[in-house]
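Notes follow the structure.
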Amino acid sequence: MPSQLEKLNNEKVLNYLGYNCCRISNLYMNIMKKMAKMLLFRFLALCLSIMVSGSSSVGSDSKSLLTCSKFHFEEKVLEKLVRLEYNMEITEEKMNKWEVKLESLFSKIDEQMKRWEDTFLSKLVKMDKAVNETDTFVESVRDIQLQEQSRINDLYHESVDHFKNRSQNESEMYGQQINSMLESMSSKIDEVGIAEKRIGNSMELMQHTLQQDQGRFNQSFEHFLENTKIQSKKTINELFAKQQKVAVTACTSSGQTFPDGVVRFANVKFHVGIDNLDTFKSSGIFVCEIPGLYYISAHIYTTTKGGAFYVTKNSFHIANSASDSNDVYSTNPISAVVELELKDTLYVNAGHFIRATYSCLSIMKVI
């Protein structure tokens, strides 16, 4: 007896084969209809062309009738019939070729259908074999499971009965011991609870202390980092300032007496490392931008007798000198070494006439 799966597969194969056969037959019928229509259309066209040529020859004027004989007309008709037969032979050859091609195509289709049928049958056989093996395996597994389940149930019932009997026998013997043990265990549990509470309180206290120590450590560490950053920045700035060059050499641009006593050396000959050069040229005051040890040297050219002039730092005289006592022009030097901080001022004071070009000032950062 074939199984239900085998019946279902056979029905699917038969339906598939029947569907393909119907498609092939419909294709063949459509091809034959198209060929018949084409031949009929060509035959009608040929007949119509013969009729038109005949009617045109019969309906021509009298002059053409005199020149066209009956023999000539029959010859034309025969020529057209010969051409028609030749065209029919060519069409017949084409039809024969199409028949050969269709036969080869049908043979290929039959072979392919046979191969498909064999493949489907082999697969169906394999599927039936697999289904049978699966059913056998499932049945064997089911039997083994039932046997194992029954064995486990028997063992469970035996164990339960044995435990009940043993419990009943030993419950009286060990009842007092169990009660005493339970009492001692309850007391010990109470002691453990009290100890756990003490430990919890100690842990909370330790955690609170640890958090306080951690906060103090974080604050001190942040303070240390901030101080380190400030000190490092200060050290770097000092090193950078020590390595940076600062110098200027300038002379007076015109001979005059300066009303405020500050000699203005507006004609700058050389400068390096000075950003506020315009302020220096207009006011005559050198403003320290980079702290360090500076050397200042000036030469005052004048005819004033005993005219005093000074090197001034932040409105305080740090070096002084005076002009020669002669009436002729003389060059009078003055110099000093001074340590300047940021924004300290340094300039030359002179209350008498200063001649231009020959009066110059040089300031240089030494360290």
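In the structure tokens, each chain is lettered A, B, ... as it comes, each chain's residues begin at 1, and ligands are numbered from 1 in order of appearance.
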Strand (DSSP E or B) per DSSP on the backbone: members of segment 64-309 of chain A, as a list in words: Ala247, Val248, Thr249, Ala250, Cys251, Gln256, Val262, Asn267, Val268, Lys269, Phe270, His271, Val272, Phe286, Val287, Gly292, Leu293, Tyr294, Tyr295, Ile296, Ser297, Ala298, His299, Ile300, Tyr301, Thr302, Ala308 and Phe309 of chain A
Mind checking DSSP for segment 101-288 of chain A and telling me the helix (DSSP H, G or I) residues as a ChimeraX atom specification?
-> /A:101-243,277-283
Here atom CA of Ser140 of chain A and atom CA of Ser159 of chain A stand apart by 28.6 Å
Do you have the atom CA of Val328 of chain A-atom CA of Thr304 of chain A distance handy?
->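 Rounded to one decimal, the two atoms are 8.5 Å apart.
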Name all residues at most 9 Å from segment 349-354 of chain A (count only C-alpha atoms; drop same-chain ones fewer than 2 positions away) and give them as number ranges by chain. A: 252, 254-263, 300-304, 307-312, 317, 347, 356, 359
Among A:Glu341, A:Asp118, A:Glu148, A:Asp324, Tyr294 of chain A is approached most closely, using only C-alpha atoms, by A:Glu341
I'd like the interatomic distance between atom CA of Ser362 of chain A and atom CA of Ile236 of chain A, to a tenth of an Å.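 Taking atom CA of Ser362 of chain A as the start and atom CA of Ile236 of chain A as the end point, the length is 27.9 Å.
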Residue with the minimum atom-to-atom distance to Ser335 of chain A, picked from A:Ser283, A:Asn267, A:Ser315, A:Ser321 with only C-alpha atoms counted, is A:Ser321
